[in-house]
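upload_3.csv (CSV, C-alpha atoms and all ligand atoms)
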```
chain,number,residue,atom,x,y,z
R,15,MET,CA,-101.3,46.7,78.5
R,16,THR,CA,-103.8,44.1,79.5
R,17,LYS,CA,-104.0,42.8,76.0
R,18,ILE,CA,-100.2,42.5,75.7
R,19,ARG,CA,-100.2,40.6,79.0
R,20,THR,CA,-102.9,38.3,77.9
R,21,ALA,CA,-101.3,37.6,74.5
R,22,ARG,CA,-97.9,36.9,76.2
R,23,ARG,CA,-99.5,34.5,78.6
R,24,THR,CA,-101.7,32.6,76.2
R,25,HIS,CA,-99.3,32.5,73.2
R,26,GLY,CA,-96.6,30.8,75.3
R,27,PHE,CA,-98.3,27.5,74.5
R,28,THR,CA,-100.7,26.0,72.0
R,29,GLU,CA,-104.1,24.4,72.5
R,30,SER,CA,-104.2,21.0,74.3
R,31,VAL,CA,-102.9,18.4,71.9
R,32,ILE,CA,-104.6,15.6,74.0
R,33,ARG,CA,-108.1,17.3,73.6
R,34,GLY,CA,-107.3,18.0,70.0
R,35,MET,CA,-106.7,14.3,69.3
R,36,THR,CA,-110.1,13.5,70.7
R,37,ARG,CA,-111.7,15.9,68.2
R,38,LEU,CA,-109.7,14.2,65.4
R,39,ALA,CA,-110.6,10.7,66.5
R,40,THR,CA,-114.3,11.7,66.5
R,41,GLU,CA,-114.0,13.2,63.0
R,42,HIS,CA,-112.5,9.9,61.6
R,43,GLY,CA,-114.7,7.6,63.7
R,44,ALA,CA,-111.4,6.2,65.1
R,45,ILE,CA,-110.9,4.3,68.4
R,46,ASN,CA,-109.8,7.0,70.8
R,47,LEU,CA,-106.7,5.8,72.7
R,48,ALA,CA,-105.6,9.5,73.0
R,49,GLN,CA,-107.4,11.4,75.8
R,50,GLY,CA,-107.6,9.2,78.9
R,51,PHE,CA,-111.3,8.6,79.6
R,52,PRO,CA,-113.1,5.3,80.2
R,53,ASN,CA,-115.7,3.9,77.7
R,54,PHE,CA,-117.2,1.8,80.5
R,55,PRO,CA,-119.8,3.0,83.1
R,56,CYS,CA,-119.1,4.3,86.5
R,57,PRO,CA,-120.3,2.3,89.5
R,58,GLU,CA,-124.1,2.2,89.6
R,59,ILE,CA,-124.1,3.4,93.2
R,60,LEU,CA,-122.6,6.8,92.0
R,61,LYS,CA,-125.2,7.2,89.3
R,62,GLU,CA,-128.0,6.6,91.8
R,63,ALA,CA,-126.6,8.9,94.4
R,64,ALA,CA,-126.2,11.7,91.7
R,65,ALA,CA,-129.7,11.3,90.5
R,66,ARG,CA,-131.0,11.2,94.0
R,67,ALA,CA,-129.1,14.4,95.0
R,68,ILE,CA,-130.6,16.2,92.0
R,69,ARG,CA,-134.1,15.0,92.9
R,70,ASP,CA,-133.6,16.0,96.5
R,71,ASP,CA,-132.8,19.5,95.3
R,72,VAL,CA,-129.1,19.6,96.0
R,73,ASN,CA,-128.9,21.9,93.0
R,74,GLN,CA,-127.6,25.2,94.3
R,75,TYR,CA,-123.9,26.2,95.1
R,76,ALA,CA,-122.2,24.0,97.6
R,77,VAL,CA,-119.8,25.7,100.0
R,78,THR,CA,-117.2,27.2,97.7
R,79,TRP,CA,-114.3,25.0,98.9
R,80,GLY,CA,-116.5,21.8,98.9
R,81,ALA,CA,-119.6,20.2,100.4
R,82,ALA,CA,-119.0,19.3,104.1
R,83,ARG,CA,-120.0,15.6,103.5
R,84,LEU,CA,-117.3,15.2,100.8
R,85,ARG,CA,-114.6,17.1,102.8
R,86,ASN,CA,-115.3,14.8,105.7
R,87,ALA,CA,-115.2,11.7,103.5
R,88,LEU,CA,-111.8,12.9,102.1
R,89,ALA,CA,-110.3,13.6,105.5
R,90,ALA,CA,-111.4,10.1,106.6
R,91,LYS,CA,-109.9,8.6,103.4
R,92,TYR,CA,-106.5,10.1,103.9
R,93,GLN,CA,-106.4,9.0,107.5
R,94,GLU,CA,-107.5,5.5,106.7
R,95,TRP,CA,-105.5,4.9,103.5
R,96,TYR,CA,-102.3,6.8,104.3
R,97,ASN,CA,-102.4,7.5,108.0
R,98,LEU,CA,-102.4,11.2,107.2
R,99,PRO,CA,-104.4,13.4,109.5
R,100,VAL,CA,-106.4,16.0,107.6
R,101,ASN,CA,-108.7,18.7,109.0
R,102,PRO,CA,-111.7,18.8,106.7
R,103,ASN,CA,-112.4,22.5,107.6
R,104,THR,CA,-109.0,23.9,107.1
R,105,GLN,CA,-107.1,21.6,104.7
R,106,VAL,CA,-109.5,20.5,102.0
R,107,THR,CA,-110.5,22.2,98.7
R,108,VAL,CA,-112.8,20.5,96.2
R,109,THR,CA,-112.2,21.8,92.6
R,110,CYS,CA,-113.5,21.4,89.1
R,111,GLY,CA,-111.3,18.4,88.3
R,112,ALA,CA,-107.6,17.9,89.1
R,113,THR,CA,-106.9,20.3,86.2
R,114,GLU,CA,-108.4,23.2,88.1
R,115,ALA,CA,-106.7,21.9,91.3
R,116,MET,CA,-103.3,22.1,89.8
R,117,ALA,CA,-103.9,25.6,88.3
R,118,SER,CA,-105.4,26.9,91.5
R,119,ALA,CA,-102.7,25.4,93.6
R,120,LEU,CA,-99.9,26.9,91.6
R,121,LEU,CA,-101.6,30.3,91.3
R,122,GLY,CA,-102.1,30.2,95.0
R,123,VAL,CA,-98.4,29.7,95.9
R,124,VAL,CA,-96.2,30.6,92.9
R,125,ASP,CA,-95.1,34.2,92.3
R,126,PRO,CA,-94.1,35.7,89.0
R,127,GLY,CA,-90.4,35.0,88.4
R,128,ASP,CA,-90.4,31.8,90.5
R,129,GLU,CA,-89.2,28.5,89.1
R,130,VAL,CA,-91.2,25.3,89.1
R,131,VAL,CA,-89.4,22.0,88.6
R,132,VAL,CA,-91.2,19.5,86.3
R,133,PHE,CA,-90.2,16.0,85.3
R,134,GLU,CA,-90.1,15.4,81.6
R,135,PRO,CA,-92.0,13.9,79.8
R,136,PHE,CA,-94.9,15.6,81.6
R,137,TYR,CA,-98.7,15.8,81.4
R,138,GLU,CA,-99.2,18.7,79.1
R,139,ASN,CA,-101.0,21.0,81.5
R,140,TYR,CA,-98.1,21.5,83.8
R,141,GLY,CA,-96.0,23.8,81.5
R,142,PRO,CA,-98.9,26.1,80.7
R,143,ASP,CA,-100.0,26.1,84.4
R,144,ALA,CA,-96.5,27.4,85.3
R,145,ILE,CA,-96.6,30.0,82.5
R,146,LEU,CA,-100.1,31.2,83.7
R,147,CYS,CA,-98.3,32.0,87.0
R,148,ASP,CA,-95.6,33.9,85.1
R,149,ALA,CA,-93.2,31.3,86.5
R,150,ARG,CA,-90.5,29.4,84.7
R,151,PRO,CA,-90.8,25.7,84.3
R,152,VAL,CA,-87.4,23.9,84.8
R,153,PHE,CA,-87.5,20.5,83.2
R,154,VAL,CA,-85.7,17.4,84.5
R,155,PRO,CA,-85.6,14.3,82.2
R,156,MET,CA,-87.1,11.1,83.5
R,157,ALA,CA,-88.1,8.8,80.6
R,158,ALA,CA,-90.4,5.7,80.8
R,159,GLY,CA,-88.5,2.9,82.6
R,160,GLN,CA,-86.0,5.2,84.2
R,161,SER,CA,-85.6,6.0,87.9
R,162,LEU,CA,-84.8,9.3,89.5
R,163,ASP,CA,-81.5,10.9,88.5
R,164,LEU,CA,-80.8,12.7,91.8
R,165,ASP,CA,-77.8,14.7,90.4
R,166,ARG,CA,-79.9,16.2,87.6
R,167,LEU,CA,-82.8,16.9,90.0
R,168,SER,CA,-80.5,18.6,92.5
R,169,ALA,CA,-79.0,20.7,89.8
R,170,ALA,CA,-82.5,21.9,88.8
R,171,PHE,CA,-83.2,23.3,92.3
R,172,GLY,CA,-81.9,26.8,93.1
R,173,PRO,CA,-82.7,30.0,94.9
R,174,LYS,CA,-85.8,30.7,92.7
R,175,THR,CA,-87.3,27.3,93.1
R,176,ARG,CA,-90.8,27.6,94.6
R,177,ALA,CA,-92.2,24.2,93.8
R,178,ILE,CA,-91.7,20.8,92.2
R,179,ILE,CA,-94.6,19.0,90.5
R,180,ILE,CA,-94.7,15.2,90.9
R,181,CYS,CA,-97.2,13.0,89.2
R,182,THR,CA,-97.3,9.5,90.7
R,183,PRO,CA,-98.4,7.1,89.3
R,184,ASN,CA,-97.1,9.0,86.4
R,185,ASN,CA,-98.9,10.2,83.3
R,186,PRO,CA,-97.4,9.6,80.7
R,187,THR,CA,-94.6,7.2,81.7
R,188,GLY,CA,-96.4,4.9,84.2
R,189,HIS,CA,-93.6,5.4,86.8
R,190,VAL,CA,-94.6,4.8,90.4
R,191,PHE,CA,-92.2,6.8,92.6
R,192,SER,CA,-90.5,4.7,95.2
R,193,ARG,CA,-90.1,5.7,98.8
R,194,ARG,CA,-86.4,6.3,98.2
R,195,GLU,CA,-87.1,8.6,95.3
R,196,LEU,CA,-89.7,10.5,97.2
R,197,GLU,CA,-87.4,10.8,100.2
R,198,ALA,CA,-84.7,12.3,98.0
R,199,ILE,CA,-87.3,14.8,96.5
R,200,ALA,CA,-88.5,15.6,100.0
R,201,GLU,CA,-85.0,16.4,101.2
R,202,LEU,CA,-84.5,18.8,98.3
R,203,CYS,CA,-87.9,20.5,99.1
R,204,ARG,CA,-86.9,21.0,102.7
R,205,ARG,CA,-83.4,22.2,101.9
R,206,HIS,CA,-84.7,24.8,99.3
R,207,ASP,CA,-87.9,25.7,101.2
R,208,ALA,CA,-90.0,24.5,98.2
R,209,PHE,CA,-93.4,23.1,97.9
R,210,ALA,CA,-94.1,19.6,96.6
R,211,VAL,CA,-97.2,19.8,94.4
R,212,THR,CA,-98.2,16.2,93.8
R,213,ASP,CA,-100.7,15.0,91.2
R,214,GLU,CA,-102.0,11.7,92.6
R,215,ILE,CA,-105.1,11.3,90.4
R,216,TYR,CA,-104.0,7.7,89.5
R,217,GLU,CA,-103.4,6.7,93.2
R,218,HIS,CA,-105.6,3.6,93.0
R,219,ILE,CA,-104.3,2.4,89.6
R,220,TYR,CA,-100.9,0.7,89.9
R,221,TYR,CA,-99.5,-2.7,89.2
R,222,GLU,CA,-96.1,-2.6,90.9
R,223,GLY,CA,-94.8,-1.0,94.1
R,224,GLU,CA,-97.0,1.0,96.3
R,225,HIS,CA,-98.6,4.4,96.2
R,226,ILE,CA,-96.9,6.8,98.7
R,227,PRO,CA,-98.2,10.3,99.1
R,228,ILE,CA,-95.1,12.5,99.6
R,229,ALA,CA,-97.1,14.4,102.3
R,230,THR,CA,-96.7,11.4,104.6
R,231,LEU,CA,-92.9,11.7,104.7
R,232,PRO,CA,-91.2,13.5,107.7
R,233,GLY,CA,-91.6,17.3,107.6
R,234,MET,CA,-93.6,17.2,104.3
R,235,ALA,CA,-97.2,17.7,105.4
R,236,ASP,CA,-96.4,21.4,105.9
R,237,ARG,CA,-95.0,21.9,102.4
R,238,THR,CA,-97.1,19.5,100.3
R,239,ILE,CA,-100.1,20.2,98.1
R,240,THR,CA,-101.8,16.8,97.4
R,241,ILE,CA,-104.0,16.7,94.3
R,242,SER,CA,-106.4,13.9,93.4
R,243,GLY,CA,-110.0,13.5,92.3
R,244,ALA,CA,-112.8,11.3,91.4
R,245,SER,CA,-112.3,11.1,87.6
R,246,LYS,CA,-110.0,8.1,87.4
R,247,THR,CA,-110.9,6.3,90.7
R,248,PHE,CA,-114.6,6.2,89.9
R,249,SER,CA,-114.5,6.5,86.1
R,250,VAL,CA,-116.3,9.9,86.0
R,251,THR,CA,-114.0,12.1,84.1
R,252,GLY,CA,-116.9,14.3,82.9
R,253,TRP,CA,-118.1,15.1,86.5
R,254,ARG,CA,-115.1,17.3,87.1
R,255,ILE,CA,-114.5,16.7,90.8
R,256,GLY,CA,-110.9,17.3,91.9
R,257,THR,CA,-109.5,17.5,95.4
R,258,ILE,CA,-106.7,19.3,97.2
R,259,ILE,CA,-105.2,18.6,100.6
R,260,SER,CA,-102.8,21.3,101.8
R,261,PRO,CA,-101.6,22.9,105.0
R,262,PRO,CA,-104.1,25.5,106.4
R,263,ASP,CA,-102.2,28.7,105.4
R,264,VAL,CA,-101.7,27.3,101.9
R,265,THR,CA,-105.4,26.2,101.8
R,266,ASP,CA,-106.4,29.8,102.4
R,267,ALA,CA,-104.5,31.0,99.4
R,268,ILE,CA,-105.7,28.2,97.1
R,269,ARG,CA,-109.4,28.7,98.2
R,270,LYS,CA,-109.2,32.3,97.2
R,271,VAL,CA,-108.0,31.5,93.7
R,272,HIS,CA,-110.6,28.6,93.4
R,273,ASP,CA,-113.4,30.9,94.6
R,274,PHE,CA,-112.8,33.6,92.0
R,275,LEU,CA,-112.1,31.1,89.2
R,276,THR,CA,-115.1,28.7,89.5
R,277,VAL,CA,-117.0,29.4,92.8
R,278,GLY,CA,-117.3,25.7,93.2
R,279,ALA,CA,-117.6,22.2,91.8
R,280,PRO,CA,-121.0,20.7,90.9
R,281,ALA,CA,-123.0,20.3,94.1
R,282,PRO,CA,-125.0,17.1,93.4
R,283,LEU,CA,-121.9,15.3,92.0
R,284,GLN,CA,-119.9,16.2,95.1
R,285,GLU,CA,-122.7,14.5,97.1
R,286,ALA,CA,-122.5,11.4,94.9
R,287,ILE,CA,-118.7,11.1,95.2
R,288,ALA,CA,-119.1,11.3,99.0
R,289,VAL,CA,-121.5,8.4,98.8
R,290,GLY,CA,-119.0,6.4,96.7
R,291,MET,CA,-116.2,7.1,99.1
R,292,GLU,CA,-118.3,6.1,102.1
R,293,THR,CA,-119.7,3.0,100.5
R,294,LEU,CA,-117.2,1.3,98.2
R,295,GLY,CA,-114.7,-1.0,100.0
R,296,ASP,CA,-111.5,-2.8,99.3
R,297,ASP,CA,-113.0,-5.1,96.8
R,298,TYR,CA,-113.9,-2.1,94.6
R,299,TYR,CA,-110.3,-0.7,94.6
R,300,GLU,CA,-108.8,-4.1,94.1
R,301,GLY,CA,-111.1,-4.7,91.2
R,302,LEU,CA,-110.2,-1.4,89.7
R,303,ALA,CA,-106.4,-2.2,89.6
R,304,ARG,CA,-107.0,-5.8,88.5
R,305,ASP,CA,-109.1,-4.7,85.6
R,306,TYR,CA,-106.6,-2.1,84.5
R,307,ARG,CA,-103.8,-4.6,84.7
R,308,ARG,CA,-105.7,-6.9,82.3
R,309,ARG,CA,-106.3,-3.9,79.9
R,310,ARG,CA,-102.6,-3.0,80.1
R,311,ASP,CA,-101.6,-6.5,79.2
R,312,ILE,CA,-103.9,-6.7,76.2
R,313,LEU,CA,-102.7,-3.3,74.8
R,314,CYS,CA,-99.0,-3.7,75.5
R,315,ALA,CA,-98.8,-7.2,74.0
R,316,GLY,CA,-100.6,-6.0,70.9
R,317,LEU,CA,-98.4,-3.0,70.6
R,318,ILE,CA,-95.2,-5.0,70.9
R,319,LYS,CA,-96.5,-7.5,68.3
R,320,ALA,CA,-97.4,-4.7,66.0
R,321,GLY,CA,-93.8,-3.4,66.1
R,322,PHE,CA,-93.9,-0.6,68.7
R,323,THR,CA,-91.3,-0.5,71.4
R,324,CYS,CA,-92.6,0.0,74.9
R,325,ARG,CA,-92.3,-1.1,78.5
R,326,PRO,CA,-95.5,-2.0,80.3
R,327,PRO,CA,-96.2,0.8,82.8
R,328,ASP,CA,-96.1,0.2,86.6
R,329,GLY,CA,-99.1,2.5,87.2
R,330,ALA,CA,-101.7,4.8,85.6
R,331,TYR,CA,-103.4,3.9,82.3
R,332,TYR,CA,-101.1,5.0,79.6
R,333,VAL,CA,-98.2,3.5,77.7
R,334,MET,CA,-95.5,5.6,76.0
R,335,THR,CA,-94.2,3.9,72.8
R,336,ASP,CA,-91.5,4.4,70.3
R,337,PHE,CA,-92.7,3.8,66.7
R,338,SER,CA,-89.4,4.4,64.9
R,339,SER,CA,-89.2,0.8,63.5
R,340,LEU,CA,-92.6,1.4,61.9
R,341,SER,CA,-92.4,4.8,60.4
R,342,THR,CA,-90.1,7.8,59.7
R,343,LEU,CA,-92.9,10.3,60.1
R,344,PRO,CA,-92.7,12.8,62.9
R,345,ASP,CA,-94.9,12.0,65.9
R,346,ASP,CA,-97.7,14.5,65.1
R,347,GLU,CA,-98.0,13.3,61.5
R,348,PHE,CA,-97.8,9.7,62.6
R,349,ALA,CA,-100.5,10.2,65.1
R,350,LYS,CA,-102.8,11.8,62.5
R,351,TRP,CA,-102.0,9.1,60.0
R,352,LEU,CA,-102.7,6.3,62.5
R,353,THR,CA,-106.0,8.0,63.3
R,354,ALA,CA,-107.1,8.6,59.7
R,355,GLU,CA,-105.7,5.5,58.0
R,356,HIS,CA,-105.8,2.8,60.7
R,357,GLY,CA,-108.6,4.1,63.0
R,358,VAL,CA,-106.7,4.3,66.2
R,359,ALA,CA,-105.9,7.6,67.8
R,360,PRO,CA,-102.8,8.1,70.1
R,361,VAL,CA,-101.3,11.3,71.5
R,362,PRO,CA,-98.2,12.7,69.7
R,363,GLY,CA,-95.1,12.2,72.0
R,364,SER,CA,-93.9,15.8,71.5
R,365,SER,CA,-96.8,17.2,73.5
R,366,PHE,CA,-95.2,15.7,76.6
R,367,TYR,CA,-91.9,17.5,76.1
R,368,SER,CA,-90.7,21.1,76.4
R,369,ARG,CA,-88.8,20.7,73.1
R,370,PRO,CA,-90.8,18.9,70.4
R,371,GLU,CA,-87.8,17.1,69.0
R,372,LEU,CA,-87.5,15.0,72.3
R,373,GLY,CA,-90.8,13.2,71.5
R,374,ARG,CA,-90.5,12.9,67.7
R,375,THR,CA,-90.5,9.1,67.6
R,376,GLN,CA,-93.0,8.6,70.4
R,377,VAL,CA,-96.8,8.3,70.8
R,378,ARG,CA,-98.8,7.6,73.9
R,379,PHE,CA,-101.8,5.2,74.0
R,380,ALA,CA,-104.4,5.1,76.8
R,381,PHE,CA,-105.9,1.7,77.9
R,382,CYS,CA,-108.9,2.9,79.9
R,383,LYS,CA,-111.2,1.0,77.5
R,384,THR,CA,-113.2,-2.2,77.5
R,385,ASP,CA,-111.3,-5.4,76.5
R,386,ASP,CA,-113.2,-5.7,73.2
R,387,MET,CA,-112.4,-2.1,72.2
R,388,LEU,CA,-108.7,-2.7,73.1
R,389,GLN,CA,-108.7,-5.9,71.1
R,390,GLN,CA,-110.2,-4.2,68.1
R,391,ALA,CA,-107.5,-1.5,68.4
R,392,VAL,CA,-104.8,-4.1,68.7
R,393,ASP,CA,-106.2,-5.9,65.5
R,394,ARG,CA,-106.0,-2.6,63.6
R,395,LEU,CA,-102.5,-1.9,64.8
R,396,GLN,CA,-101.2,-5.2,63.4
R,397,ARG,CA,-101.8,-3.8,59.9
R,398,VAL,CA,-99.6,-0.7,60.4
R,399,ARG,CA,-96.4,-2.6,59.3
R,400,ASP,CA,-97.9,-3.7,55.9
Y,501,LIG,N1,-105.3,13.2,82.0
Y,501,LIG,C1,-105.9,12.8,80.7
Y,501,LIG,C2,-104.9,12.5,79.6
Y,501,LIG,O1,-103.8,12.7,79.8
Y,501,LIG,C3,-106.9,13.7,80.2
Y,501,LIG,C4,-107.0,15.0,80.9
Y,501,LIG,C5,-107.9,16.0,80.3
Y,501,LIG,O2,-108.0,16.1,79.1
Y,501,LIG,N2,-108.5,16.7,81.2
Y,501,LIG,O3,-105.3,12.1,78.6
```
Now that the file is in, can you turn its structure into structure tokens?
Ligand code: GLN
Amino acid sequence: MTKIRTARRTHGFTESVIRGMTRLATEHGAINLAQGFPNFPCPEILKEAAARAIRDDVNQYAVTWGAARLRNALAAKYQEWYNLPVNPNTQVTVTCGATEAMASALLGVVDPGDEVVVFEPFYENYGPDAILCDARPVFVPMAAGQSLDLDRLSAAFGPKTRAIIICTPNNPTGHVFSRRELEAIAELCRRHDAFAVTDEIYEHIYYEGEHIPIATLPGMADRTITISGASKTFSVTGWRIGTIISPPDVTDAIRKVHDFLTVGAPAPLQEAIAVGMETLGDDYYEGLARDYRRRRDILCAGLIKAGFTCRPPDGAYYVMTDFSSLSTLPDDEFAKWLTAEHGVAPVPGSSFYSRPELGRTQVRFAFCKTDDMLQQAVDRLQRVRD
């Protein structure tokens, strides 16, 4: 019985395509524009704080739902940045990356048989996360460059809807949800008594509009689970520090899942992130967005010149492209070919869709790389058309 259950759960999806492309890039010595991780260092102050914490013997388990110093820093951040009051003792959970945050959040609030609304294309973990809960993902199309289609979204909500997953700024489309769009989603959540589970890991990386946590909209703090983390803001994807802000009763449920899954996130690194949050000021965050805008512009100009069709994203650090004027290969073969023959690895578009055919002419590139590496990738891409 247990075995059948396990097989059914884990065979509902394949291995992560994004992580698989990293392995392929390494095999071929290709420039990895697939999995989104920076090739530049994190702020020196974080390295020093982490090393100091280890030397000071902060090496045993932190409190399972997060070190007090980091929870306090997070509560202060949400108040300061978004005017959102957060109780560090009852509303914060620190997890092993935003990945664990999303899985723990959904396992905490979604019951078997529930439905979870997901915009498509979507970051590939969300579908499997819903399946791990024995829930059914309900997909709503929202392509790069499109804004919210409220009729289609309304039609996706029904009596079984337990939650909607929102990722803003969006991976992979780069969409930054506007206040009007978030208000429409909030209204549906209230009407259907559903949770908004919002992945805001790219909250400080946007080029147009503004970042609005849906938890700040009227009546939403009680039904929103806000996920973020240190990976993207501080360029430490390997540290695995994610964060959840949620109402107290929901926090209780999420903390139980988190405790039994992982016990806790790495203690000295939590300390170091707290130091980063307490110390780095506006100039750091402005610099982060400015640097990413420049990287975006280098890659997008190069892609367009090479014959890809794309729209520069408004936020996050990915660009979805259509390659149909360059090749008739399906996306997964094109991605492998580009990696092996041209030394640049993207992610096949189909991995962001529920039905592979929807992404057959698309690949996603990440631009969280130094200018020289992006320039080198751009130079290589110019030869694809030959
Ligand atoms: N979010 C990143 C991406 O889409 C990587 C996430 C991961 O592999 N944990 O590439």
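Take the candidates R:Arg325, R:Lys319, R:Arg150, R:Lys246 and check each one against ligand LIG 501 (chain Y) using only C-alpha atoms and all ligand atoms; the shortest distance goes to R:Lys246.
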Expected answer as a list in words: residues within 7 Å of ligand LIG 501 (chain Y), only C-alpha atoms and all ligand atoms: Ile32, Arg33, Ala48, Gln49, Gly50, Phe51, Thr113, Tyr137 and Asn185 of chain R
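The list of residues with at least one atom within 8 Å of Phe136 (chain R), based on all atoms listed in the file and without residues fewer than 6 positions apart in the same chain, reads Asn185, Pro186, Phe366 and Tyr367 of chain R.
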Polymer residues at most 7 Å from Thr375 (chain R), all atoms listed in the file, same-chain spacing of 2 or more positions, as a PyMOL selection string: chain R and resi 336-338+344-345+373
Dump of C-alpha atoms for the selected residues, as a PDB file, in the frame of the given file:
```
ATOM      1  CA  ASP R 336     -91.500   4.400  70.300  1.00  0.00           C
ATOM      2  CA  PHE R 337     -92.700   3.800  66.700  1.00  0.00           C
ATOM      3  CA  SER R 338     -89.400   4.400  64.900  1.00  0.00           C
ATOM      4  CA  PRO R 344     -92.700  12.800  62.900  1.00  0.00           C
ATOM      5  CA  ASP R 345     -94.900  12.000  65.900  1.00  0.00           C
ATOM      6  CA  GLY R 373     -90.800  13.200  71.500  1.00  0.00           C
TER       7      GLY R 373
END
```
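Every protein, DNA or RNA residue with an atom at most 9 Å from Phe171 (chain R), where only C-alpha atoms count and chain neighbours fewer than 6 positions away do not, is listed here: R:Glu129, R:Val130, R:Val131, R:Val152, R:Ile178, R:Leu202, R:Cys203, R:His206.
Among the candidates R:Pro262, R:Ala81, R:Phe379, R:Phe322, the one nearest to Asn101 (chain R) when counting all atoms listed in the file is R:Pro262.
Taking all atoms listed in the file into account, those protein, DNA and RNA residues with any atom at most 10 Å away from (-100.6, 14.5, 64.7) amount to R:Val31, R:Gly34, R:Met35, R:Leu38, R:Leu343, R:Pro344, R:Asp345, R:Asp346, R:Glu347, R:Phe348, R:Ala349, R:Lys350, R:Trp351, R:Leu352, R:Thr353, R:Ala359, R:Pro360, R:Val361, R:Pro362, R:Gly363, R:Ser364, R:Ser365, R:Val377.
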Which neighbours of Phe381 (chain R) fall inside 7 Å, counting only C-alpha atoms, when residues of the same chain fewer than 6 positions from it are skipped, and could you give them as a compact mmCIF listing (two decimals) with C-alpha atoms, in the frame of the given file?
```txt
# COMPACT_ATOMS: atom_id res chain seq x y z
CA LEU R 47 -106.70 5.80 72.70
CA ARG R 309 -106.30 -3.90 79.90
CA ARG R 310 -102.60 -3.00 80.10
CA LEU R 313 -102.70 -3.30 74.80
CA TYR R 331 -103.40 3.90 82.30
CA TYR R 332 -101.10 5.00 79.60
```
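In terms of minimum interatomic distance to Ile219 (chain R), R:Leu302 ranks closest within R:Leu60, R:Met387, R:Leu302, R:Ala380, counting all atoms listed in the file.
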Nearest to Phe191 (chain R) by atom-to-atom distance, counting only C-alpha atoms, from R:Ala330, R:Pro126, R:Leu84, R:Arg254: R:Ala330
Separation of CA of Val132 (chain R) from CA of Val154 (chain R), in Å and rounded to one decimal: 6.2 Å
Atomic distance CA of Asn46 (chain R) - CA of Ala391 (chain R), expressed in Å with one decimal: 9.1 Å
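Minimum distance to Thr276 (chain R) across R:Arg204, R:Tyr75, R:Gly316, R:Gly122 (counting all atoms listed in the file) occurs at R:Tyr75.
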Neighbours of point (-122.3, 12.1, 86.1) within 12 Å, using all atoms listed in the file, written as a PyMOL selection string: chain R and resi 55-68+244-245+248-255+280-287
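A straight line drawn from CA of Val358 (chain R) to CA of Gly329 (chain R) is 22.4 Å long.
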Top pick for closest residue to Val333 (chain R), considering R:Ala119, R:Ala157, R:Ala200, R:Ile179 and counting only C-alpha atoms: R:Ala157
Contact residues around Ala144 (chain R) with all atoms listed in the file at 9 Å, ignoring same-chain residues under 3 positions, as a list of chain:residue names: R:Ala117, R:Leu120, R:Leu121, R:Val124, R:Glu129, R:Val130, R:Asn139, R:Tyr140, R:Gly141, R:Cys147, R:Asp148, R:Ala149, R:Arg150, R:Pro151
Closest atom pairs, residues of region 214-240 of chain R within 12 Å of region 293-299 of chain R, only C-alpha atoms, as a tab-separated table:
```
residue	atom	partner	partner_atom	distance
R:Tyr216	CA	R:Tyr299	CA	11.7
R:Glu217	CA	R:Tyr299	CA	10.2
R:His218	CA	R:Tyr299	CA	6.6
R:Ile219	CA	R:Tyr299	CA	8.4
R:Tyr220	CA	R:Tyr299	CA	10.6
```
Dump C-alpha atoms for the selected residues as a PDB file, in the frame of the given file?
```pdb
ATOM      1  CA  TYR R 216    -104.000   7.700  89.500  1.00  0.00           C
ATOM      2  CA  GLU R 217    -103.400   6.700  93.200  1.00  0.00           C
ATOM      3  CA  HIS R 218    -105.600   3.600  93.000  1.00  0.00           C
ATOM      4  CA  ILE R 219    -104.300   2.400  89.600  1.00  0.00           C
ATOM      5  CA  TYR R 220    -100.900   0.700  89.900  1.00  0.00           C
TER       6      TYR R 220
END
```
Written-out region 265-272 of chain R (N, CA and C atoms) as a compact mmCIF listing (two decimals), in the first residue's frame:
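And here is the file that came out, result_21.txt:
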```
# COMPACT_ATOMS: atom_id res chain seq x y z
N THR R 265 0.69 29.45 10.47
CA THR R 265 2.09 29.26 10.85
C THR R 265 2.25 27.99 11.69
N ASP R 266 1.31 27.75 12.60
CA ASP R 266 1.34 26.51 13.41
C ASP R 266 1.40 25.28 12.52
N ALA R 267 0.53 25.25 11.52
CA ALA R 267 0.45 24.08 10.62
C ALA R 267 1.74 23.95 9.81
N ILE R 268 2.22 25.07 9.28
CA ILE R 268 3.42 25.04 8.43
C ILE R 268 4.64 24.62 9.25
N ARG R 269 4.74 25.14 10.46
CA ARG R 269 5.91 24.81 11.29
C ARG R 269 5.99 23.31 11.59
N LYS R 270 4.82 22.67 11.75
CA LYS R 270 4.84 21.22 12.02
C LYS R 270 5.43 20.49 10.82
N VAL R 271 4.98 20.83 9.63
CA VAL R 271 5.51 20.17 8.42
C VAL R 271 7.01 20.42 8.33
N HIS R 272 7.39 21.67 8.47
CA HIS R 272 8.80 22.08 8.38
C HIS R 272 9.66 21.31 9.39
```
